[in-house]
Amino acid sequence: MGDTTPVARRGAALLVRGGRVIDSTGERRADVLVRDGRVAAVEASIEPPDGARVLDAAGCVVAPGLVDLHTHLRQPGFEQAETIETGARGAALGGFTTVVAMPNTEPAIDRAAVVREVLELAVSAMCEVRPAGAITKGRRGEELAPLAEMAALGVRLFTDDGRGVQDPRLMRRALEYASALRVTLAQHCEDERLAAGGHMHEGEWSSRLGLPGVPAEAEELMVARDIALARLTGGRVHLQHLSTAGSVALVRAAKAEPKDGHRGVAVTAEVTPHHLSLTDAAVASYDPLFKVNPPLRTPGDVDAVRTGLADGTIDAVATDHAPHAQEDKERTFDQAPPGMLGLETALAVVLTDVDLPIERALAALSWQPARIAGLDAGPVVEGRVADLCVIDPAAVWLVEAHRMASRSRNTPFAGRKLTGRVRHTIFRGEAVVVDAEAQR
Ligand code: DOR
């Protein structure tokens, strides 16, 4: 996909100087020269060409731009919470150069016309926006959406996110169809009948707080079912926002299945920064900032998703960036919609709260999700489209909700000091973030 990406942005060359390049091939000390939207040279030391802008990367890591498999940009339909422009600006500040936009918009992204609308709205965005298509018409879970016409426009990931596909027969058919189209189905794993009425994780805290809970099994039933359906059909399933120890165990077992000369079960999985860092104890504040679906779980679940990420059971960290307008998030806990901002804090939360070498964190936030989304997952080499991020792993910063680029303010990390910050982001050769400030 990378080589077909338009890289029309021109202007002065950029030299990213003094950093440590980390990508899927490993690590080296190198300067990176960017010209006409592409990486022009990667060498131990490059003198700035005449007129080049120099971006200081001393003490920093230079990596392929981050890729978010799970962003709610809310447009069309919910522009009071976010727009493609504001969400993409937040993404750039968070080091993302590509985001996959979820289809739970109004109208839903469930046909070619809406895919086209999103692509047009995203033309001047500060990162690449790849729409995910809905699996079923209107995300109603009744009838398959026209996947082929969306795939013809480049859609590679389909999901009814916000809802899981409840009917196993329909999911089976969707997987057969997806397999023929060579696209991936991403599943919001939630058995709606078992989850019905719940507002937080079902456990000790829900009993204490008197709030109805969602049992871990509501997620795990669908994880188990979709692994079985992936095995049955040969289709590729990507399991979204896994949150429980049981889900991690199911995926680990599926990935360990003998391959019998075949490809094995084609399953990948993601976890969010908030499920890697927060527990259901946070709900004791009754603050709807901590309401999210799937809900925050127990410390044991947090340990399990961290272990799953570290051992490769979980392939990607995905934000589930879910902006909600202030008046909605200020309702009572049971009335407020679920969801948290994620784009601007994702990398820093992972670097601060998860004990993972930075190259593993970057794999989970960049080239592994890129592969799942069918995008360029290649290393930082001459000729690559210049989608890069420059990270200062030692920078300590304070999360301030009112300073975020998002139209919404619902970050559960407000007031926290995080370690690790995106210093610069380069999108198609343009420095869209410099010294942690958006450039447009
Ligand atoms: O917390 C969530 N918010 N989970 C979802 O699955 C949907 C999302 C949203 O769209 O707000």
# chains A, B, ... in the order shown; residues from 1 in each chain; ligands from 1
$ residues_near_ligand --ligand "ligand 1" --cutoff "7 Å" --atoms "only C-alpha atoms and all ligand atoms" --output "tab-separated table (two decimals) with all heavy atoms, in the first residue's frame"
chain	number	residue	atom	x	y	z
A	72	HIS	N	-12.14	6.16	16.72
A	72	HIS	CA	-13.47	6.70	16.41
A	72	HIS	C	-13.30	8.18	16.07
A	72	HIS	O	-12.96	8.98	16.94
A	72	HIS	CB	-14.41	6.54	17.60
A	72	HIS	CG	-14.69	5.10	17.94
A	72	HIS	ND1	-15.69	4.38	17.32
A	72	HIS	CD2	-14.09	4.25	18.79
A	72	HIS	CE1	-15.69	3.13	17.79
A	72	HIS	NE2	-14.72	3.03	18.69
A	104	ASN	N	-18.83	3.22	13.16
A	104	ASN	CA	-20.08	3.52	13.90
A	104	ASN	C	-20.38	5.01	13.87
A	104	ASN	O	-20.54	5.68	14.88
A	104	ASN	CB	-20.06	2.97	15.33
A	104	ASN	CG	-18.93	3.52	16.19
A	104	ASN	OD1	-17.94	4.03	15.67
A	104	ASN	ND2	-19.07	3.41	17.50
A	161	ASP	N	-17.88	-2.57	14.98
A	161	ASP	CA	-17.42	-2.10	16.30
A	161	ASP	C	-18.40	-1.17	17.03
A	161	ASP	O	-19.04	-0.32	16.43
A	161	ASP	CB	-16.07	-1.40	16.20
A	161	ASP	CG	-15.58	-1.02	17.58
A	161	ASP	OD1	-15.39	-1.93	18.40
A	161	ASP	OD2	-15.44	0.18	17.86
A	162	GLY	N	-18.41	-1.37	18.34
A	162	GLY	CA	-19.46	-0.78	19.17
A	162	GLY	C	-20.48	-1.88	19.45
A	162	GLY	O	-21.15	-1.90	20.48
A	163	ARG	N	-20.54	-2.82	18.52
A	163	ARG	CA	-21.34	-4.03	18.65
A	163	ARG	C	-20.56	-5.20	18.03
A	163	ARG	O	-19.86	-5.02	17.05
A	163	ARG	CB	-22.66	-3.93	17.86
A	163	ARG	CG	-23.54	-2.80	18.25
A	163	ARG	CD	-24.88	-2.97	17.55
A	163	ARG	NE	-25.53	-4.21	17.97
A	163	ARG	CZ	-26.63	-4.71	17.40
A	163	ARG	NH1	-27.18	-4.11	16.37
A	163	ARG	NH2	-27.17	-5.83	17.84
A	188	HIS	N	-15.71	-6.87	17.66
A	188	HIS	CA	-15.98	-6.33	19.00
A	188	HIS	C	-16.58	-7.50	19.78
A	188	HIS	O	-17.72	-7.90	19.54
A	188	HIS	CB	-16.98	-5.17	18.85
A	188	HIS	CG	-17.58	-4.68	20.11
A	188	HIS	ND1	-17.29	-3.43	20.63
A	188	HIS	CD2	-18.46	-5.24	20.97
A	188	HIS	CE1	-17.98	-3.25	21.76
A	188	HIS	NE2	-18.70	-4.34	21.97
A	292	VAL	N	-16.15	2.50	30.06
A	292	VAL	CA	-15.66	2.13	28.74
A	292	VAL	C	-16.16	0.72	28.44
A	292	VAL	O	-16.51	-0.03	29.36
A	292	VAL	CB	-14.11	2.22	28.72
A	292	VAL	CG1	-13.46	1.17	29.61
A	292	VAL	CG2	-13.55	2.19	27.31
A	293	ASN	N	-16.23	0.39	27.18
A	293	ASN	CA	-16.68	-0.93	26.78
A	293	ASN	C	-15.64	-1.57	25.85
A	293	ASN	O	-15.37	-1.00	24.79
A	293	ASN	CB	-18.03	-0.82	26.06
A	293	ASN	CG	-18.64	-2.18	25.84
A	293	ASN	OD1	-18.31	-3.13	26.53
A	293	ASN	ND2	-19.54	-2.27	24.87
A	294	PRO	N	-15.07	-2.73	26.15
A	294	PRO	CA	-15.28	-3.50	27.37
A	294	PRO	C	-14.81	-2.73	28.61
A	294	PRO	O	-13.97	-1.85	28.51
A	294	PRO	CB	-14.41	-4.75	27.16
A	294	PRO	CG	-13.42	-4.38	26.13
A	294	PRO	CD	-14.09	-3.35	25.26
A	320	ASP	N	-8.71	2.58	20.63
A	320	ASP	CA	-10.15	2.73	20.85
A	320	ASP	C	-10.48	4.16	21.28
A	320	ASP	O	-11.34	4.39	22.14
A	320	ASP	CB	-10.69	1.71	21.88
A	320	ASP	CG	-12.21	1.55	21.77
A	320	ASP	OD1	-12.83	2.21	20.91
A	320	ASP	OD2	-12.78	0.77	22.57
A	322	ALA	N	-12.23	7.13	21.76
A	322	ALA	CA	-13.70	7.25	21.68
A	322	ALA	C	-14.15	8.57	22.29
A	322	ALA	O	-14.55	8.63	23.45
A	322	ALA	CB	-14.36	6.06	22.37
A	323	PRO	N	-14.07	9.66	21.51
A	323	PRO	CA	-14.46	10.96	22.04
A	323	PRO	C	-15.96	11.04	22.30
A	323	PRO	O	-16.75	10.51	21.50
A	323	PRO	CB	-14.07	11.94	20.92
A	323	PRO	CG	-13.54	11.13	19.80
A	323	PRO	CD	-13.69	9.69	20.10
A	324	HIS	N	-16.32	11.68	23.40
A	324	HIS	CA	-17.73	11.95	23.69
A	324	HIS	C	-17.84	13.38	24.19
A	324	HIS	O	-17.02	13.83	24.99
A	324	HIS	CB	-18.26	11.00	24.76
A	324	HIS	CG	-18.47	9.61	24.25
A	324	HIS	ND1	-19.49	9.27	23.39
A	324	HIS	CD2	-17.77	8.47	24.45
A	324	HIS	CE1	-19.41	7.98	23.09
A	324	HIS	NE2	-18.36	7.47	23.71
A	337	PRO	N	-22.26	7.60	28.10
A	337	PRO	CA	-21.80	6.64	27.09
A	337	PRO	C	-20.40	6.13	27.43
A	337	PRO	O	-19.60	6.86	28.03
A	337	PRO	CB	-21.77	7.47	25.81
A	337	PRO	CG	-21.56	8.88	26.27
A	337	PRO	CD	-22.20	8.99	27.62
A	338	PRO	N	-20.07	4.90	27.02
A	338	PRO	CA	-18.72	4.38	27.29
A	338	PRO	C	-17.72	4.92	26.29
A	338	PRO	O	-18.05	5.13	25.13
A	338	PRO	CB	-18.90	2.86	27.11
A	338	PRO	CG	-20.00	2.74	26.10
A	338	PRO	CD	-20.92	3.93	26.30
A	339	GLY	N	-16.49	5.12	26.74
A	339	GLY	CA	-15.44	5.52	25.80
A	339	GLY	C	-14.47	6.50	26.41
A	339	GLY	O	-14.81	7.27	27.30
A	340	MET	N	-13.23	6.45	25.92
A	340	MET	CA	-12.12	7.27	26.43
A	340	MET	C	-11.29	7.78	25.26
A	340	MET	O	-11.10	7.07	24.29
A	340	MET	CB	-11.18	6.40	27.27
A	340	MET	CG	-11.84	5.78	28.47
A	340	MET	SD	-10.69	4.64	29.28
A	340	MET	CE	-11.57	4.42	30.84
$ residues_around --residues "A:Ala438" --least-positions-apart "3" --cutoff "10 Å" --atoms "only C-alpha atoms" --output "ChimeraX atom specification"
/A:89-90,92-93,126,405,424-425,431-435
$ atom_distance --atom1 "atom CA of A:Asn410" --atom2 "atom CA of A:Arg297"
19.0 Å
$ residues_around --residues "stretch 146-149 of chain A" --least-positions-apart "6" --cutoff "9 Å" --atoms "only C-alpha atoms" --output "list of chain:residue names"
A:Asp110, A:Arg111, A:Ala112, A:Gly133, A:Ala134, A:Ile135, A:Thr136, A:Lys137, A:Val155, A:Phe158, A:Ala174, A:Tyr177, A:Ala178, A:Leu181
$ write_last_selection --atoms "all heavy atoms" --output "compact mmCIF listing (two decimals), in the first residue's frame"
# COMPACT_ATOMS: atom_id res chain seq x y z
N ASP A 110 -21.00 1.71 5.73
CA ASP A 110 -21.42 0.35 5.37
C ASP A 110 -21.62 0.19 3.87
O ASP A 110 -22.25 -0.77 3.43
CB ASP A 110 -22.69 -0.04 6.15
CG ASP A 110 -23.89 0.81 5.78
OD1 ASP A 110 -23.72 1.80 5.01
OD2 ASP A 110 -25.00 0.49 6.23
N ARG A 111 -21.13 1.16 3.09
CA ARG A 111 -21.24 1.08 1.62
C ARG A 111 -20.24 2.02 0.98
O ARG A 111 -19.69 2.91 1.67
CB ARG A 111 -22.67 1.40 1.17
CG ARG A 111 -23.11 2.81 1.49
CD ARG A 111 -24.63 2.87 1.56
NE ARG A 111 -25.00 3.16 2.93
CZ ARG A 111 -25.60 4.30 3.32
NH1 ARG A 111 -25.98 5.19 2.44
NH2 ARG A 111 -25.88 4.52 4.58
N ALA A 112 -20.03 1.84 -0.30
CA ALA A 112 -18.99 2.59 -1.01
C ALA A 112 -19.17 4.10 -0.86
O ALA A 112 -18.20 4.83 -0.67
CB ALA A 112 -18.96 2.18 -2.48
N GLY A 133 -14.85 -0.73 7.11
CA GLY A 133 -16.24 -0.88 6.69
C GLY A 133 -17.01 -1.70 7.70
O GLY A 133 -16.43 -2.49 8.45
N ALA A 134 -18.32 -1.48 7.74
CA ALA A 134 -19.15 -2.31 8.61
C ALA A 134 -19.29 -3.71 8.00
O ALA A 134 -19.25 -3.88 6.78
CB ALA A 134 -20.53 -1.68 8.79
N ILE A 135 -19.45 -4.71 8.86
CA ILE A 135 -19.68 -6.08 8.38
C ILE A 135 -21.14 -6.23 7.94
O ILE A 135 -21.44 -6.89 6.95
CB ILE A 135 -19.34 -7.12 9.48
CG1 ILE A 135 -17.86 -7.02 9.87
CG2 ILE A 135 -19.70 -8.54 9.02
CD1 ILE A 135 -17.46 -7.86 11.09
N THR A 136 -22.03 -5.60 8.70
CA THR A 136 -23.46 -5.75 8.38
C THR A 136 -24.08 -4.37 8.10
O THR A 136 -23.59 -3.34 8.58
CB THR A 136 -24.24 -6.44 9.52
OG1 THR A 136 -24.30 -5.57 10.66
CG2 THR A 136 -23.60 -7.76 9.92
N LYS A 137 -25.14 -4.38 7.32
CA LYS A 137 -25.81 -3.13 6.95
C LYS A 137 -26.27 -2.39 8.20
O LYS A 137 -26.96 -2.97 9.05
CB LYS A 137 -27.02 -3.42 6.06
CG LYS A 137 -26.63 -3.87 4.67
CD LYS A 137 -27.86 -4.03 3.77
CE LYS A 137 -27.42 -4.56 2.42
NZ LYS A 137 -28.55 -5.04 1.59
N VAL A 155 -10.67 -0.75 1.31
CA VAL A 155 -10.97 -1.12 2.70
C VAL A 155 -10.45 -2.54 2.95
O VAL A 155 -10.73 -3.45 2.17
CB VAL A 155 -12.49 -1.03 2.97
CG1 VAL A 155 -12.82 -1.51 4.39
CG2 VAL A 155 -12.99 0.39 2.76
N PHE A 158 -12.92 -4.89 8.29
CA PHE A 158 -14.36 -4.69 8.44
C PHE A 158 -14.75 -5.02 9.87
O PHE A 158 -14.25 -5.99 10.45
CB PHE A 158 -15.12 -5.59 7.46
CG PHE A 158 -14.93 -5.18 6.03
CD1 PHE A 158 -13.83 -5.61 5.29
CD2 PHE A 158 -15.82 -4.31 5.42
CE1 PHE A 158 -13.63 -5.22 3.98
CE2 PHE A 158 -15.64 -3.90 4.10
CZ PHE A 158 -14.54 -4.36 3.38
N ALA A 174 -19.92 -14.13 6.74
CA ALA A 174 -19.07 -12.95 6.57
C ALA A 174 -17.61 -13.37 6.43
O ALA A 174 -16.86 -12.84 5.60
CB ALA A 174 -19.25 -12.00 7.74
N TYR A 177 -16.91 -14.88 3.00
CA TYR A 177 -16.89 -13.80 2.03
C TYR A 177 -15.58 -13.01 2.16
O TYR A 177 -14.89 -12.73 1.18
CB TYR A 177 -18.10 -12.93 2.34
CG TYR A 177 -18.56 -11.95 1.32
CD1 TYR A 177 -18.16 -12.00 -0.01
CD2 TYR A 177 -19.44 -10.94 1.71
CE1 TYR A 177 -18.62 -11.06 -0.92
CE2 TYR A 177 -19.91 -9.99 0.81
CZ TYR A 177 -19.49 -10.06 -0.49
OH TYR A 177 -19.94 -9.12 -1.38
N ALA A 178 -15.21 -12.70 3.41
CA ALA A 178 -13.99 -11.93 3.67
C ALA A 178 -12.76 -12.70 3.20
O ALA A 178 -11.81 -12.12 2.66
CB ALA A 178 -13.88 -11.61 5.15
N LEU A 181 -12.36 -12.34 -0.42
CA LEU A 181 -11.92 -10.97 -0.76
C LEU A 181 -10.54 -10.65 -0.20
O LEU A 181 -10.01 -9.57 -0.44
CB LEU A 181 -12.92 -9.94 -0.19
CG LEU A 181 -14.32 -9.90 -0.79
CD1 LEU A 181 -15.24 -9.03 0.07
CD2 LEU A 181 -14.27 -9.35 -2.21
$ residues_around --residues "stretch 15-29 of chain A" --least-positions-apart "4" --cutoff "10 Å" --atoms "only C-alpha atoms" --output "VMD selection string"
chain A and resid 33 to 35 39 to 49 52 to 65 358 to 360 362 to 363 366 to 368 377 to 381 388 390 to 392 424 426
$ write_last_selection --atoms "C-alpha atoms" --output "PDB file, in the first residue's frame"
ATOM      1  CA  LEU A  33      16.975  12.603   5.127  1.00  0.00           C
ATOM      2  CA  VAL A  34      13.478  13.180   3.768  1.00  0.00           C
ATOM      3  CA  ARG A  35      12.779  14.707   0.390  1.00  0.00           C
ATOM      4  CA  VAL A  39      13.006   8.821   2.775  1.00  0.00           C
ATOM      5  CA  ALA A  40      15.953   9.892   0.609  1.00  0.00           C
ATOM      6  CA  ALA A  41      18.826   8.547   2.713  1.00  0.00           C
ATOM      7  CA  VAL A  42      19.517   6.771   6.010  1.00  0.00           C
ATOM      8  CA  GLU A  43      23.154   7.022   7.025  1.00  0.00           C
ATOM      9  CA  ALA A  44      25.268   7.228  10.140  1.00  0.00           C
ATOM     10  CA  SER A  45      25.826  10.927   9.557  1.00  0.00           C
ATOM     11  CA  ILE A  46      24.332  13.230   6.926  1.00  0.00           C
ATOM     12  CA  GLU A  47      25.264  16.889   6.440  1.00  0.00           C
ATOM     13  CA  PRO A  48      22.138  19.026   5.970  1.00  0.00           C
ATOM     14  CA  PRO A  49      21.679  19.876   2.276  1.00  0.00           C
ATOM     15  CA  ALA A  52      17.004  21.667   4.550  1.00  0.00           C
ATOM     16  CA  ARG A  53      15.089  21.952   7.801  1.00  0.00           C
ATOM     17  CA  VAL A  54      16.859  20.110  10.604  1.00  0.00           C
ATOM     18  CA  LEU A  55      14.770  18.307  13.214  1.00  0.00           C
ATOM     19  CA  ASP A  56      16.717  17.508  16.326  1.00  0.00           C
ATOM     20  CA  ALA A  57      16.434  13.857  17.346  1.00  0.00           C
ATOM     21  CA  ALA A  58      19.278  13.732  19.872  1.00  0.00           C
ATOM     22  CA  GLY A  59      18.390  11.271  22.632  1.00  0.00           C
ATOM     23  CA  CYS A  60      15.343  10.220  20.612  1.00  0.00           C
ATOM     24  CA  VAL A  61      14.080   7.160  18.815  1.00  0.00           C
ATOM     25  CA  VAL A  62      13.113   7.526  15.143  1.00  0.00           C
ATOM     26  CA  ALA A  63      10.505   4.975  14.071  1.00  0.00           C
ATOM     27  CA  PRO A  64       7.999   4.309  11.314  1.00  0.00           C
ATOM     28  CA  GLY A  65       4.840   6.295  12.076  1.00  0.00           C
ATOM     29  CA  ILE A 358      10.674   0.280  23.509  1.00  0.00           C
ATOM     30  CA  GLU A 359      11.223  -1.807  20.365  1.00  0.00           C
ATOM     31  CA  ARG A 360       8.411  -4.158  21.457  1.00  0.00           C
ATOM     32  CA  LEU A 362       6.836   0.200  18.788  1.00  0.00           C
ATOM     33  CA  ALA A 363       6.218  -3.147  17.116  1.00  0.00           C
ATOM     34  CA  SER A 366       3.456   0.505  14.377  1.00  0.00           C
ATOM     35  CA  TRP A 367       4.516  -2.317  12.093  1.00  0.00           C
ATOM     36  CA  GLN A 368       2.407  -5.129  13.585  1.00  0.00           C
ATOM     37  CA  ALA A 377       4.951  -2.243   7.553  1.00  0.00           C
ATOM     38  CA  GLY A 378       8.394  -1.826   6.069  1.00  0.00           C
ATOM     39  CA  PRO A 379      11.538  -0.448   7.675  1.00  0.00           C
ATOM     40  CA  VAL A 380      12.973   3.069   7.517  1.00  0.00           C
ATOM     41  CA  VAL A 381      14.932   2.778   4.267  1.00  0.00           C
ATOM     42  CA  LEU A 388       7.900   8.725  10.745  1.00  0.00           C
ATOM     43  CA  VAL A 390      10.451  10.806  16.676  1.00  0.00           C
ATOM     44  CA  ILE A 391      10.053   9.909  20.332  1.00  0.00           C
ATOM     45  CA  ASP A 392      11.868  11.214  23.375  1.00  0.00           C
ATOM     46  CA  HIS A 424       8.109  15.186  15.971  1.00  0.00           C
ATOM     47  CA  ILE A 426       6.424  13.412   9.800  1.00  0.00           C
TER      48      ILE A 426
END
$ atom_distance --atom1 "atom CA of A:Ala122" --atom2 "atom CA of A:Leu153"
14.3 Å
$ select_by_dssp --residues "stretch 85-123 of chain A" --states "alpha helix (DSSP H)" --output "list in words"
Glu85, Thr86, Gly87, Ala88, Arg89, Gly90, Ala91, Ala92, Leu93, Ala112, Ala113, Val114, Val115, Arg116, Glu117, Val118, Leu119, Glu120 and Leu121 of chain A
$ closest_residue --among "A:Gly308, A:Pro273, A:Pro107, A:Pro393" --to "A:Val349" --atoms "only C-alpha atoms"
A:Pro273
$ residues_around --residues "A:Thr313" --least-positions-apart "4" --cutoff "12 Å" --atoms "only C-alpha atoms" --output "VMD selection string"
chain A and resid 239 242 245 247 to 256 267 to 271 304 to 309 317 364
